[in-house]
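All remarks here apply to the structure that follows.
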Amino acid sequence: MAQVTVEAEWLSRTLSTLVRKHQVPGAQLAVQVNGETITAEAGELRYGGGTPVTRDTAFPIGSVTKAATAALAMLLVADDDLELDSDVTEHLPELGAPLTLRQLLSHTSGLASGPDSAVAATMSLRRFVSEHCRTPELVLPAGAGFSYSNLGYAVVGRLIEEVTGMTWWEAIESILFRPLGIRPAFVVAPNPLTSVNVASGHAVNTSHGRTRPVLQSLVLGEAPAGALAISAADLLRFGLLQLDPAESGLPELLPAELAEEMRRIQPGADPIGLADGWGLGFGVFRTGVQQWVGHDGNADGTDAHLRVNADSGQAVAFTSNGNTGIGLWAELVDELAAAGIEVGSYRLDVPGQRTTVPPEIFGSYHNGDTEYTVTPAEDATLRLAIDGEIVARLTPHEGLMFAQQDWESGQLVHPGRFLRDPVTGVLDRIQVSGRLARRTVGSGRC
């Protein structure tokens, strides 16, 4: 691979320009190239507050937390405390169905995304898993396919607690991050520590020019799926665990064969709309002949991305404190490509032209307690509501695919699709943001 040079001044200028263009209050960028880490920061922690983002500012990274939880679980596999393909009910007998760690980490467990946050707001991680996995309402049989699940990662968090005797928060800090020299913050914890250097999330409405801070709403039970807050520089450092220690300069923490297993696409993991494939805690992103792994994360008003190319030794980490950060990231990927870093970033071209939809598309679909409702909108588009709140405009295309546009920011987000039963031909499912939901029939669910 040809030598790539990235100048710190260019990186800083590019980030600042994109922050202004996308009206993101603040952002960080860290790039690893030629064995060197280059960082850039722009904007402020809280809109209008005047406190600048620094290299050490922690940003809520949302679902990128899952990659760290997966890595922690793999460290326990390395120590023979856990096995990838053994039934985890050996450690968690309260589970209502046999599941393996491999299925949980690759989102092929069949578990629903999770219970309603209001229901789980006061639950500990132990109670969260016990009450919602005792008789799990599977959206798929275990191992049969992909459905993105926060609940699955809550189970992994409880599994970690059971075998280590620590809380998930203690384990991830002491076993994973401390050896890497990373001190994480958390958006939710049993005994939270107040930090003045954690960026606020923001809801940005570009059409109205309105930006407002928002609070993080994650509950304790979902912490292993989304509670981390760290800087882009620290996120990059974590990602470098996927490289050979001689190349990354990090301690030899994760055995090479287990790091490779994390990057391998798992059978049945078809995460359409999210990535080209899914490994153990990582999405797999292909760019030409190159393969990158990583994760994307959206918390309340924040956006974060991690990408690592184990072959080239390149890595990129991005954090931002605005919901428009996802658009900034998409343009940043193009800028990095022009500089010679072909970052793997999933872009599914929805096939064909806009098309009309069969009436059977309209109605409600359920993933656990979460209700997805599809109704007609103007200009032959569709409205998608989650638990009664309109969240996106869907533009239907051929093959029951749809483009998805965020209702508030207007930005394009993950595409999705409707699915028919392969035997009956009945349209009975929607796959949106990686989550599979089944059509509601009468007052029950199927």
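Naming scheme: A, B, ... for chains in displayed order of the structure tokens; residues 1 onward per chain; ligands 1 onward as shown.
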
Pick out the residues sitting within 8 Å of segment 98-110 of chain A, and hand them over as a ChimeraX atom specification; count only C-alpha atoms, and ignore anything fewer than 6 positions along from it in its own chain.
/A:70,83-89,138-149,152-153,155-156,266,268-269,278-282

Restricting it to C-alpha atoms, dump the selection as a PDB file, in the first residue's frame.
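Saved file part_13.pdb follows:
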ATOM      1  CA  ALA A  70     -17.221  -7.217  23.176  1.00  0.00           C
ATOM      2  CA  GLU A  83     -16.309 -19.740  25.783  1.00  0.00           C
ATOM      3  CA  LEU A  84     -17.680 -18.369  22.530  1.00  0.00           C
ATOM      4  CA  ASP A  85     -19.898 -21.326  21.670  1.00  0.00           C
ATOM      5  CA  SER A  86     -21.042 -22.608  25.055  1.00  0.00           C
ATOM      6  CA  ASP A  87     -24.527 -21.967  26.396  1.00  0.00           C
ATOM      7  CA  VAL A  88     -24.293 -18.895  28.628  1.00  0.00           C
ATOM      8  CA  THR A  89     -27.099 -20.209  30.870  1.00  0.00           C
ATOM      9  CA  LEU A 138     -37.450 -13.594  20.298  1.00  0.00           C
ATOM     10  CA  VAL A 139     -37.821 -11.767  17.005  1.00  0.00           C
ATOM     11  CA  LEU A 140     -35.905 -14.644  15.364  1.00  0.00           C
ATOM     12  CA  PRO A 141     -34.798 -18.098  16.496  1.00  0.00           C
ATOM     13  CA  ALA A 142     -31.303 -17.913  18.015  1.00  0.00           C
ATOM     14  CA  GLY A 143     -28.673 -18.097  15.274  1.00  0.00           C
ATOM     15  CA  ALA A 144     -31.196 -17.678  12.444  1.00  0.00           C
ATOM     16  CA  GLY A 145     -30.371 -14.099  11.420  1.00  0.00           C
ATOM     17  CA  PHE A 146     -29.371 -10.566  12.380  1.00  0.00           C
ATOM     18  CA  SER A 147     -31.371  -8.196  14.557  1.00  0.00           C
ATOM     19  CA  TYR A 148     -29.491  -5.442  16.373  1.00  0.00           C
ATOM     20  CA  SER A 149     -30.048  -5.836  20.115  1.00  0.00           C
ATOM     21  CA  GLY A 152     -28.159  -8.850  23.950  1.00  0.00           C
ATOM     22  CA  TYR A 153     -25.309  -6.624  25.110  1.00  0.00           C
ATOM     23  CA  VAL A 155     -26.776  -9.962  28.783  1.00  0.00           C
ATOM     24  CA  VAL A 156     -23.059  -9.820  27.876  1.00  0.00           C
ATOM     25  CA  GLN A 266     -20.280 -14.362  11.373  1.00  0.00           C
ATOM     26  CA  GLY A 268     -26.256 -15.365   9.355  1.00  0.00           C
ATOM     27  CA  ALA A 269     -25.195 -11.813  10.257  1.00  0.00           C
ATOM     28  CA  TRP A 278     -20.913  -8.290  11.272  1.00  0.00           C
ATOM     29  CA  GLY A 279     -18.237  -9.855  13.409  1.00  0.00           C
ATOM     30  CA  LEU A 280     -18.008 -10.085  17.195  1.00  0.00           C
ATOM     31  CA  GLY A 281     -18.672  -6.557  18.391  1.00  0.00           C
ATOM     32  CA  PHE A 282     -17.639  -4.956  15.101  1.00  0.00           C
TER      33      PHE A 282
END

Which residues of segment 274-334 of chain A come within 9 Å of segment 229-251 of chain A, and for each one, what is the closest pair of atoms and their distance in Å to one decimal, counting only C-alpha atoms, sorted by chain and residue number, as a tab-separated table?
residue	atom	partner	partner_atom	distance
A:Gly294	CA	A:Gly239	CA	8.0
A:Ala304	CA	A:Ala232	CA	8.4
A:His305	CA	A:Ala232	CA	8.9
A:Leu306	CA	A:Leu236	CA	7.1
A:Arg307	CA	A:Gly239	CA	7.5
A:Val308	CA	A:Gly239	CA	6.4
A:Asn309	CA	A:Gln242	CA	8.3
A:Ala310	CA	A:Leu243	CA	5.5
A:Asp311	CA	A:Leu243	CA	8.2
A:Gly313	CA	A:Leu243	CA	6.6
A:Gln314	CA	A:Leu240	CA	8.8
A:Ala315	CA	A:Leu236	CA	6.8
A:Val316	CA	A:Leu236	CA	6.4
A:Ala317	CA	A:Leu236	CA	5.2
A:Phe318	CA	A:Ala232	CA	5.5
A:Thr319	CA	A:Ala232	CA	5.7

Write out, as a compact mmCIF listing (two decimals), in the first residue's frame, the residues just selected, with all heavy atoms.
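The file below, part_1.txt, is the result:
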# COMPACT_ATOMS: atom_id res chain seq x y z
N GLY A 294 -15.33 -1.70 12.60
CA GLY A 294 -15.60 -0.58 13.47
C GLY A 294 -17.03 -0.59 13.95
O GLY A 294 -17.74 -1.62 13.88
N ALA A 304 -20.75 9.24 16.95
CA ALA A 304 -19.37 8.78 17.04
C ALA A 304 -19.13 7.63 16.07
O ALA A 304 -20.06 6.86 15.78
CB ALA A 304 -19.04 8.35 18.47
N HIS A 305 -17.88 7.50 15.60
CA HIS A 305 -17.53 6.45 14.65
C HIS A 305 -16.11 5.98 14.91
O HIS A 305 -15.22 6.78 15.21
CB HIS A 305 -17.64 6.97 13.21
CG HIS A 305 -18.98 7.52 12.87
ND1 HIS A 305 -19.97 6.77 12.29
CD2 HIS A 305 -19.50 8.76 13.06
CE1 HIS A 305 -21.05 7.52 12.12
NE2 HIS A 305 -20.79 8.72 12.58
N LEU A 306 -15.90 4.67 14.76
CA LEU A 306 -14.57 4.07 14.86
C LEU A 306 -14.36 3.17 13.66
O LEU A 306 -15.25 2.39 13.30
CB LEU A 306 -14.45 3.24 16.14
CG LEU A 306 -13.16 2.42 16.30
CD1 LEU A 306 -11.95 3.33 16.43
CD2 LEU A 306 -13.27 1.48 17.50
N ARG A 307 -13.18 3.27 13.02
CA ARG A 307 -12.80 2.40 11.91
C ARG A 307 -11.34 1.98 12.08
O ARG A 307 -10.48 2.82 12.38
CB ARG A 307 -12.96 3.10 10.56
CG ARG A 307 -14.38 3.48 10.21
CD ARG A 307 -15.25 2.27 9.89
NE ARG A 307 -16.56 2.67 9.40
CZ ARG A 307 -17.60 2.95 10.18
NH1 ARG A 307 -17.47 2.88 11.50
NH2 ARG A 307 -18.76 3.29 9.64
N VAL A 308 -11.06 0.70 11.83
CA VAL A 308 -9.70 0.17 11.92
C VAL A 308 -9.45 -0.74 10.73
O VAL A 308 -10.29 -1.60 10.40
CB VAL A 308 -9.49 -0.62 13.23
CG1 VAL A 308 -8.05 -1.12 13.31
CG2 VAL A 308 -9.83 0.22 14.45
N ASN A 309 -8.30 -0.57 10.08
CA ASN A 309 -7.86 -1.45 9.00
C ASN A 309 -6.63 -2.19 9.50
O ASN A 309 -5.54 -1.63 9.58
CB ASN A 309 -7.53 -0.64 7.75
CG ASN A 309 -7.22 -1.51 6.55
OD1 ASN A 309 -6.64 -2.59 6.69
ND2 ASN A 309 -7.58 -1.04 5.37
N ALA A 310 -6.84 -3.46 9.87
CA ALA A 310 -5.74 -4.23 10.46
C ALA A 310 -4.63 -4.51 9.47
O ALA A 310 -3.48 -4.74 9.87
CB ALA A 310 -6.28 -5.54 11.03
N ASP A 311 -4.93 -4.49 8.18
CA ASP A 311 -3.90 -4.77 7.17
C ASP A 311 -2.99 -3.57 6.93
O ASP A 311 -1.78 -3.71 6.82
CB ASP A 311 -4.57 -5.19 5.86
CG ASP A 311 -5.31 -6.51 5.98
OD1 ASP A 311 -4.83 -7.40 6.71
OD2 ASP A 311 -6.39 -6.65 5.38
N GLY A 313 -2.84 -0.87 8.98
CA GLY A 313 -2.44 -0.21 10.22
C GLY A 313 -3.06 1.16 10.38
O GLY A 313 -2.70 1.92 11.28
N GLN A 314 -4.03 1.50 9.53
CA GLN A 314 -4.70 2.80 9.62
C GLN A 314 -5.94 2.69 10.51
O GLN A 314 -6.57 1.63 10.59
CB GLN A 314 -5.10 3.28 8.23
CG GLN A 314 -3.94 3.55 7.30
CD GLN A 314 -4.39 3.91 5.90
OE1 GLN A 314 -5.55 3.78 5.53
NE2 GLN A 314 -3.44 4.36 5.08
N ALA A 315 -6.28 3.78 11.16
CA ALA A 315 -7.48 3.82 12.00
C ALA A 315 -7.98 5.26 12.08
O ALA A 315 -7.20 6.21 11.97
CB ALA A 315 -7.19 3.27 13.39
N VAL A 316 -9.29 5.40 12.29
CA VAL A 316 -9.92 6.71 12.39
C VAL A 316 -10.97 6.65 13.49
O VAL A 316 -11.75 5.70 13.57
CB VAL A 316 -10.60 7.12 11.07
CG1 VAL A 316 -11.32 8.47 11.23
CG2 VAL A 316 -9.59 7.18 9.94
N ALA A 317 -10.98 7.67 14.35
CA ALA A 317 -12.02 7.81 15.37
C ALA A 317 -12.57 9.23 15.32
O ALA A 317 -11.81 10.20 15.22
CB ALA A 317 -11.47 7.51 16.76
N PHE A 318 -13.89 9.33 15.39
CA PHE A 318 -14.56 10.63 15.29
C PHE A 318 -15.63 10.71 16.37
O PHE A 318 -16.39 9.77 16.59
CB PHE A 318 -15.21 10.78 13.91
CG PHE A 318 -16.16 11.94 13.77
CD1 PHE A 318 -15.67 13.23 13.64
CD2 PHE A 318 -17.53 11.75 13.77
CE1 PHE A 318 -16.54 14.31 13.52
CE2 PHE A 318 -18.41 12.81 13.65
CZ PHE A 318 -17.91 14.10 13.52
N THR A 319 -15.71 11.85 17.06
CA THR A 319 -16.76 12.10 18.04
C THR A 319 -17.35 13.48 17.79
O THR A 319 -16.64 14.40 17.36
CB THR A 319 -16.20 12.04 19.49
OG1 THR A 319 -15.14 13.00 19.62
CG2 THR A 319 -15.68 10.66 19.82

Pull the strand (DSSP E) assignments for segment 146-309 of chain A out of DSSP run on the backbone, and list those residues as a CSV table (one decimal) with all heavy atoms, in the first residue's frame.
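File written: out-v4.csv
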chain,number,residue,atom,x,y,z
A,185,ALA,N,-15.3,7.9,31.1
A,185,ALA,CA,-16.5,8.5,31.8
A,185,ALA,C,-17.7,7.7,31.4
A,185,ALA,O,-17.6,6.9,30.4
A,185,ALA,CB,-16.6,9.9,31.6
A,186,PHE,N,-18.8,7.8,32.1
A,186,PHE,CA,-20.0,7.1,31.8
A,186,PHE,C,-21.2,8.0,31.9
A,186,PHE,O,-21.3,8.9,32.8
A,186,PHE,CB,-20.2,5.9,32.8
A,186,PHE,CG,-19.1,4.9,32.9
A,186,PHE,CD1,-18.1,5.0,33.9
A,186,PHE,CD2,-19.0,3.9,31.9
A,186,PHE,CE1,-17.1,4.1,33.9
A,186,PHE,CE2,-17.9,3.0,32.0
A,186,PHE,CZ,-17.0,3.1,33.0
A,201,GLY,N,-24.8,16.6,24.5
A,201,GLY,CA,-25.4,16.3,23.3
A,201,GLY,C,-26.3,17.5,22.8
A,201,GLY,O,-26.8,18.3,23.7
A,202,HIS,N,-26.6,17.6,21.5
A,202,HIS,CA,-27.4,18.7,21.0
A,202,HIS,C,-28.3,18.2,19.9
A,202,HIS,O,-27.9,17.4,19.0
A,202,HIS,CB,-26.5,19.8,20.4
A,202,HIS,CG,-25.7,20.5,21.5
A,202,HIS,ND1,-24.5,20.0,21.8
A,202,HIS,CD2,-25.9,21.6,22.2
A,202,HIS,CE1,-24.0,20.8,22.8
A,202,HIS,NE2,-24.8,21.8,23.0
A,203,ALA,N,-29.6,18.7,19.9
A,203,ALA,CA,-30.5,18.5,18.8
A,203,ALA,C,-30.4,19.7,17.9
A,203,ALA,O,-30.6,20.8,18.3
A,203,ALA,CB,-31.9,18.3,19.3
A,204,VAL,N,-30.0,19.5,16.7
A,204,VAL,CA,-29.7,20.5,15.7
A,204,VAL,C,-30.8,20.4,14.6
A,204,VAL,O,-30.9,19.4,13.9
A,204,VAL,CB,-28.3,20.5,15.1
A,204,VAL,CG1,-28.1,21.6,14.1
A,204,VAL,CG2,-27.3,20.4,16.2
A,205,ASN,N,-31.6,21.5,14.4
A,205,ASN,CA,-32.5,21.5,13.4
A,205,ASN,C,-32.0,22.5,12.3
A,205,ASN,O,-32.1,23.8,12.5
A,205,ASN,CB,-33.9,22.0,13.9
A,205,ASN,CG,-35.0,21.9,12.8
A,205,ASN,OD1,-34.8,22.3,11.7
A,205,ASN,ND2,-36.1,21.3,13.2
A,210,ARG,N,-31.9,26.0,14.6
A,210,ARG,CA,-32.1,25.9,16.0
A,210,ARG,C,-31.2,24.8,16.6
A,210,ARG,O,-31.2,23.7,16.1
A,210,ARG,CB,-33.6,25.6,16.4
A,210,ARG,CG,-33.9,25.6,17.9
A,210,ARG,CD,-35.3,25.4,18.2
A,210,ARG,NE,-35.8,24.0,17.8
A,210,ARG,CZ,-36.7,23.8,16.8
A,210,ARG,NH1,-37.2,24.8,16.1
A,210,ARG,NH2,-37.0,22.6,16.5
A,211,THR,N,-30.5,25.1,17.7
A,211,THR,CA,-29.6,24.1,18.3
A,211,THR,C,-29.9,24.2,19.8
A,211,THR,O,-29.9,25.2,20.4
A,211,THR,CB,-28.1,24.4,18.1
A,211,THR,OG1,-27.9,24.4,16.7
A,211,THR,CG2,-27.3,23.4,18.9
A,212,ARG,N,-30.3,23.0,20.4
A,212,ARG,CA,-30.6,23.0,21.8
A,212,ARG,C,-29.9,21.8,22.5
A,212,ARG,O,-29.9,20.7,21.9
A,212,ARG,CB,-32.1,22.9,22.1
A,212,ARG,CG,-32.8,21.8,21.4
A,212,ARG,CD,-34.3,21.8,21.7
A,212,ARG,NE,-35.0,20.7,21.0
A,212,ARG,CZ,-35.1,19.5,21.5
A,212,ARG,NH1,-34.6,19.2,22.7
A,212,ARG,NH2,-35.7,18.5,20.9
A,213,PRO,N,-29.3,22.0,23.7
A,213,PRO,CA,-28.7,20.8,24.4
A,213,PRO,C,-29.8,19.8,24.8
A,213,PRO,O,-30.9,20.2,25.1
A,213,PRO,CB,-28.1,21.5,25.6
A,213,PRO,CG,-28.0,22.9,25.3
A,213,PRO,CD,-29.2,23.2,24.4
A,214,VAL,N,-29.4,18.6,24.9
A,214,VAL,CA,-30.3,17.5,25.3
A,214,VAL,C,-29.6,16.6,26.3
A,214,VAL,O,-28.4,16.5,26.4
A,214,VAL,CB,-30.8,16.6,24.1
A,214,VAL,CG1,-31.6,17.4,23.2
A,214,VAL,CG2,-29.6,16.0,23.4
A,228,LEU,N,-20.5,4.5,27.5
A,228,LEU,CA,-19.2,5.1,27.6
A,228,LEU,C,-19.1,6.5,27.0
A,228,LEU,O,-19.8,6.9,26.1
A,228,LEU,CB,-18.2,4.2,26.8
A,228,LEU,CG,-17.7,3.0,27.5
A,228,LEU,CD1,-16.9,2.1,26.5
A,228,LEU,CD2,-16.8,3.3,28.6
A,229,ALA,N,-18.3,7.3,27.7
A,229,ALA,CA,-17.9,8.6,27.2
A,229,ALA,C,-16.4,8.7,27.2
A,229,ALA,O,-15.8,8.7,28.3
A,229,ALA,CB,-18.6,9.7,28.0
A,230,ILE,N,-15.8,8.9,26.0
A,230,ILE,CA,-14.4,9.0,25.9
A,230,ILE,C,-14.0,9.9,24.8
A,230,ILE,O,-14.9,10.3,24.0
A,230,ILE,CB,-13.6,7.6,25.8
A,230,ILE,CG1,-14.1,6.9,24.5
A,230,ILE,CG2,-13.8,6.8,27.0
A,230,ILE,CD1,-13.4,5.6,24.2
A,277,GLY,N,-21.2,-6.6,6.8
A,277,GLY,CA,-21.2,-7.8,7.5
A,277,GLY,C,-21.0,-7.5,9.0
A,277,GLY,O,-20.8,-6.4,9.4
A,278,TRP,N,-21.1,-8.5,9.8
A,278,TRP,CA,-20.9,-8.3,11.3
A,278,TRP,C,-20.1,-9.4,11.9
A,278,TRP,O,-20.3,-10.6,11.6
A,278,TRP,CB,-22.3,-8.2,12.0
A,278,TRP,CG,-22.2,-7.3,13.1
A,278,TRP,CD1,-21.9,-7.5,14.4
A,278,TRP,CD2,-22.4,-5.8,13.1
A,278,TRP,NE1,-21.9,-6.4,15.2
A,278,TRP,CE2,-22.2,-5.3,14.4
A,278,TRP,CE3,-22.8,-5.0,12.1
A,278,TRP,CZ2,-22.4,-4.0,14.7
A,278,TRP,CZ3,-23.0,-3.6,12.4
A,278,TRP,CH2,-22.8,-3.1,13.7
A,283,GLY,N,-18.9,-4.1,13.2
A,283,GLY,CA,-19.3,-4.2,11.9
A,283,GLY,C,-18.1,-4.3,10.9
A,283,GLY,O,-17.0,-3.8,11.2
A,284,VAL,N,-18.4,-4.9,9.8
A,284,VAL,CA,-17.3,-5.0,8.8
A,284,VAL,C,-17.7,-4.2,7.6
A,284,VAL,O,-18.8,-4.3,7.0
A,284,VAL,CB,-17.2,-6.5,8.3
A,284,VAL,CG1,-16.1,-6.7,7.2
A,284,VAL,CG2,-16.8,-7.4,9.5
A,285,PHE,N,-16.7,-3.3,7.1
A,285,PHE,CA,-17.0,-2.4,6.1
A,285,PHE,C,-15.9,-2.6,5.0
A,285,PHE,O,-14.7,-2.5,5.2
A,285,PHE,CB,-16.8,-0.9,6.6
A,285,PHE,CG,-17.7,-0.7,7.8
A,285,PHE,CD1,-17.3,-1.0,9.1
A,285,PHE,CD2,-19.0,-0.1,7.6
A,285,PHE,CE1,-18.1,-0.7,10.2
A,285,PHE,CE2,-19.8,0.1,8.7
A,285,PHE,CZ,-19.4,-0.2,10.0
A,286,ARG,N,-16.4,-2.8,3.8
A,286,ARG,CA,-15.5,-3.0,2.6
A,286,ARG,C,-15.4,-1.8,1.8
A,286,ARG,O,-16.4,-1.2,1.4
A,286,ARG,CB,-16.0,-4.2,1.8
A,286,ARG,CG,-15.9,-5.5,2.6
A,286,ARG,CD,-16.0,-6.7,1.7
A,286,ARG,NE,-15.9,-8.0,2.4
A,286,ARG,CZ,-17.0,-8.8,2.7
A,286,ARG,NH1,-18.2,-8.4,2.3
A,286,ARG,NH2,-16.8,-9.9,3.3
A,287,THR,N,-14.1,-1.5,1.4
A,287,THR,CA,-13.9,-0.4,0.4
A,287,THR,C,-12.9,-1.0,-0.6
A,287,THR,O,-11.7,-1.1,-0.4
A,287,THR,CB,-13.2,0.8,1.1
A,287,THR,OG1,-14.1,1.3,2.1
A,287,THR,CG2,-13.0,1.9,0.1
A,290,GLN,N,-10.1,-3.5,0.3
A,290,GLN,CA,-9.7,-3.3,1.7
A,290,GLN,C,-10.9,-3.6,2.6
A,290,GLN,O,-12.1,-3.5,2.3
A,290,GLN,CB,-9.4,-1.8,2.0
A,290,GLN,CG,-8.1,-1.4,1.3
A,290,GLN,CD,-7.7,0.1,1.7
A,290,GLN,OE1,-7.6,0.3,2.9
A,290,GLN,NE2,-7.5,0.9,0.8
A,291,GLN,N,-10.6,-4.1,3.8
A,291,GLN,CA,-11.6,-4.4,4.8
A,291,GLN,C,-11.3,-3.6,6.1
A,291,GLN,O,-10.3,-3.7,6.7
A,291,GLN,CB,-11.7,-5.9,5.1
A,291,GLN,CG,-12.7,-6.2,6.2
A,291,GLN,CD,-13.0,-7.7,6.3
A,291,GLN,OE1,-13.5,-8.4,5.4
A,291,GLN,NE2,-12.7,-8.3,7.5
A,292,TRP,N,-12.3,-2.9,6.5
A,292,TRP,CA,-12.2,-2.1,7.8
A,292,TRP,C,-13.2,-2.7,8.8
A,292,TRP,O,-14.3,-3.3,8.3
A,292,TRP,CB,-12.5,-0.7,7.6
A,292,TRP,CG,-11.5,0.1,6.7
A,292,TRP,CD1,-11.3,0.0,5.4
A,292,TRP,CD2,-10.7,1.1,7.2
A,292,TRP,NE1,-10.4,0.8,5.0
A,292,TRP,CE2,-10.0,1.6,6.0
A,292,TRP,CE3,-10.4,1.7,8.4
A,292,TRP,CZ2,-9.0,2.6,6.1
A,292,TRP,CZ3,-9.5,2.8,8.5
A,292,TRP,CH2,-8.8,3.2,7.4
A,293,VAL,N,-13.0,-2.6,10.1
A,293,VAL,CA,-14.0,-2.9,11.1
A,293,VAL,C,-14.2,-1.7,11.9
A,293,VAL,O,-13.3,-0.8,12.0
A,293,VAL,CB,-13.5,-4.2,11.9
A,293,VAL,CG1,-13.4,-5.4,11.1
A,293,VAL,CG2,-12.2,-3.9,12.7
A,294,GLY,N,-15.3,-1.7,12.6
A,294,GLY,CA,-15.6,-0.6,13.5
A,294,GLY,C,-17.0,-0.6,14.0
A,294,GLY,O,-17.7,-1.6,13.9
A,295,HIS,N,-17.5,0.5,14.5
A,295,HIS,CA,-18.8,0.7,15.0
A,295,HIS,C,-19.2,2.1,14.9
A,295,HIS,O,-18.4,3.0,15.0
A,295,HIS,CB,-18.9,0.2,16.4
A,295,HIS,CG,-20.2,-0.4,16.8
A,295,HIS,ND1,-21.4,0.3,16.9
A,295,HIS,CD2,-20.5,-1.7,17.2
A,295,HIS,CE1,-22.3,-0.5,17.2
A,295,HIS,NE2,-21.8,-1.7,17.4
A,296,ASP,N,-20.5,2.4,14.7
A,296,ASP,CA,-21.1,3.7,14.7
A,296,ASP,C,-22.0,3.8,16.0
A,296,ASP,O,-22.5,2.9,16.5
A,296,ASP,CB,-22.0,3.9,13.5
A,296,ASP,CG,-21.2,3.7,12.2
A,296,ASP,OD1,-20.0,4.0,12.2
A,296,ASP,OD2,-21.8,3.2,11.2
A,297,GLY,N,-22.0,5.0,16.5
A,297,GLY,CA,-22.8,5.2,17.7
A,297,GLY,C,-23.5,6.6,17.8
A,297,GLY,O,-22.9,7.6,17.5
A,298,ASN,N,-24.8,6.5,18.1
A,298,ASN,CA,-25.6,7.7,18.3
A,298,ASN,C,-26.2,7.7,19.7
A,298,ASN,O,-27.1,6.8,19.9
A,298,ASN,CB,-26.7,7.8,17.2
A,298,ASN,CG,-26.2,7.8,15.8
A,298,ASN,OD1,-26.4,6.8,15.1
A,298,ASN,ND2,-25.5,8.8,15.4
A,299,ALA,N,-25.8,8.6,20.5
A,299,ALA,CA,-26.5,8.8,21.8
A,299,ALA,C,-27.5,9.9,21.7
A,299,ALA,O,-27.8,10.3,20.6
A,299,ALA,CB,-25.4,9.0,22.9
A,302,THR,N,-25.6,13.1,20.1
A,302,THR,CA,-24.1,12.9,19.8
A,302,THR,C,-24.0,11.8,18.7
A,302,THR,O,-24.9,11.0,18.4
A,302,THR,CB,-23.3,12.4,21.0
A,302,THR,OG1,-23.7,11.0,21.4
A,302,THR,CG2,-23.6,13.3,22.2
A,303,ASP,N,-22.8,11.8,18.1
A,303,ASP,CA,-22.5,10.9,17.0
A,303,ASP,C,-21.1,10.5,17.0
A,303,ASP,O,-20.2,11.4,17.2
A,303,ASP,CB,-22.9,11.6,15.6
A,303,ASP,CG,-22.7,10.6,14.5
A,303,ASP,OD1,-23.4,9.7,14.3
A,303,ASP,OD2,-21.7,10.8,13.7
A,304,ALA,N,-20.8,9.2,16.9
A,304,ALA,CA,-19.4,8.8,17.0
A,304,ALA,C,-19.1,7.6,16.1
A,304,ALA,O,-20.1,6.9,15.8
A,304,ALA,CB,-19.0,8.3,18.5
A,305,HIS,N,-17.9,7.5,15.6
A,305,HIS,CA,-17.5,6.5,14.6
A,305,HIS,C,-16.1,6.0,14.9
A,305,HIS,O,-15.2,6.8,15.2
A,305,HIS,CB,-17.6,7.0,13.2
A,305,HIS,CG,-19.0,7.5,12.9
A,305,HIS,ND1,-20.0,6.8,12.3
A,305,HIS,CD2,-19.5,8.8,13.1
A,305,HIS,CE1,-21.1,7.5,12.1
A,305,HIS,NE2,-20.8,8.7,12.6
A,306,LEU,N,-15.9,4.7,14.8
A,306,LEU,CA,-14.6,4.1,14.9
A,306,LEU,C,-14.4,3.2,13.7
A,306,LEU,O,-15.2,2.4,13.3
A,306,LEU,CB,-14.5,3.2,16.1
A,306,LEU,CG,-13.2,2.4,16.3
A,306,LEU,CD1,-11.9,3.3,16.4
A,306,LEU,CD2,-13.3,1.5,17.5
A,307,ARG,N,-13.2,3.3,13.0
A,307,ARG,CA,-12.8,2.4,11.9
A,307,ARG,C,-11.3,2.0,12.1
A,307,ARG,O,-10.5,2.8,12.4
A,307,ARG,CB,-13.0,3.1,10.6
A,307,ARG,CG,-14.4,3.5,10.2
A,307,ARG,CD,-15.3,2.3,9.9
A,307,ARG,NE,-16.6,2.7,9.4
A,307,ARG,CZ,-17.6,3.0,10.2
A,307,ARG,NH1,-17.5,2.9,11.5
A,307,ARG,NH2,-18.8,3.3,9.6
A,308,VAL,N,-11.1,0.7,11.8
A,308,VAL,CA,-9.7,0.2,11.9
A,308,VAL,C,-9.5,-0.7,10.7
A,308,VAL,O,-10.3,-1.6,10.4
A,308,VAL,CB,-9.5,-0.6,13.2
A,308,VAL,CG1,-8.0,-1.1,13.3
A,308,VAL,CG2,-9.8,0.2,14.4
A,309,ASN,N,-8.3,-0.6,10.1
A,309,ASN,CA,-7.9,-1.4,9.0
A,309,ASN,C,-6.6,-2.2,9.5
A,309,ASN,O,-5.5,-1.6,9.6
A,309,ASN,CB,-7.5,-0.6,7.7
A,309,ASN,CG,-7.2,-1.5,6.5
A,309,ASN,OD1,-6.6,-2.6,6.7
A,309,ASN,ND2,-7.6,-1.0,5.4

With distances taken over only C-alpha atoms, which residue among A:Val6, A:Met401, A:Val188, A:Leu436 lies nearest Asp270 of chain A?
A:Leu436

Leaving out segment 415-420 of chain A and any residue of its chain fewer than 6 positions from it, which residues lie within 7 Å of it when counting only C-alpha atoms, given as a CSV table (one decimal) with C-alpha atoms, in the first residue's frame?
chain,number,residue,atom,x,y,z
A,272,ILE,CA,-28.4,-4.5,5.9
A,273,GLY,CA,-28.4,-0.7,6.4
A,400,LEU,CA,-39.2,-3.2,-0.9
A,401,MET,CA,-36.1,-1.1,0.0
A,402,PHE,CA,-36.4,2.4,1.5
A,403,ALA,CA,-34.1,5.4,2.1
A,404,GLN,CA,-34.5,6.9,5.5
A,426,VAL,CA,-46.9,-12.2,3.2
A,427,LEU,CA,-45.2,-8.9,4.0
A,428,ASP,CA,-44.7,-9.4,7.7
A,429,ARG,CA,-41.4,-7.7,8.7
A,430,ILE,CA,-39.5,-4.4,8.6
A,431,GLN,CA,-35.7,-4.1,9.1
A,432,VAL,CA,-34.8,-0.6,10.2
A,433,SER,CA,-31.5,0.5,11.7
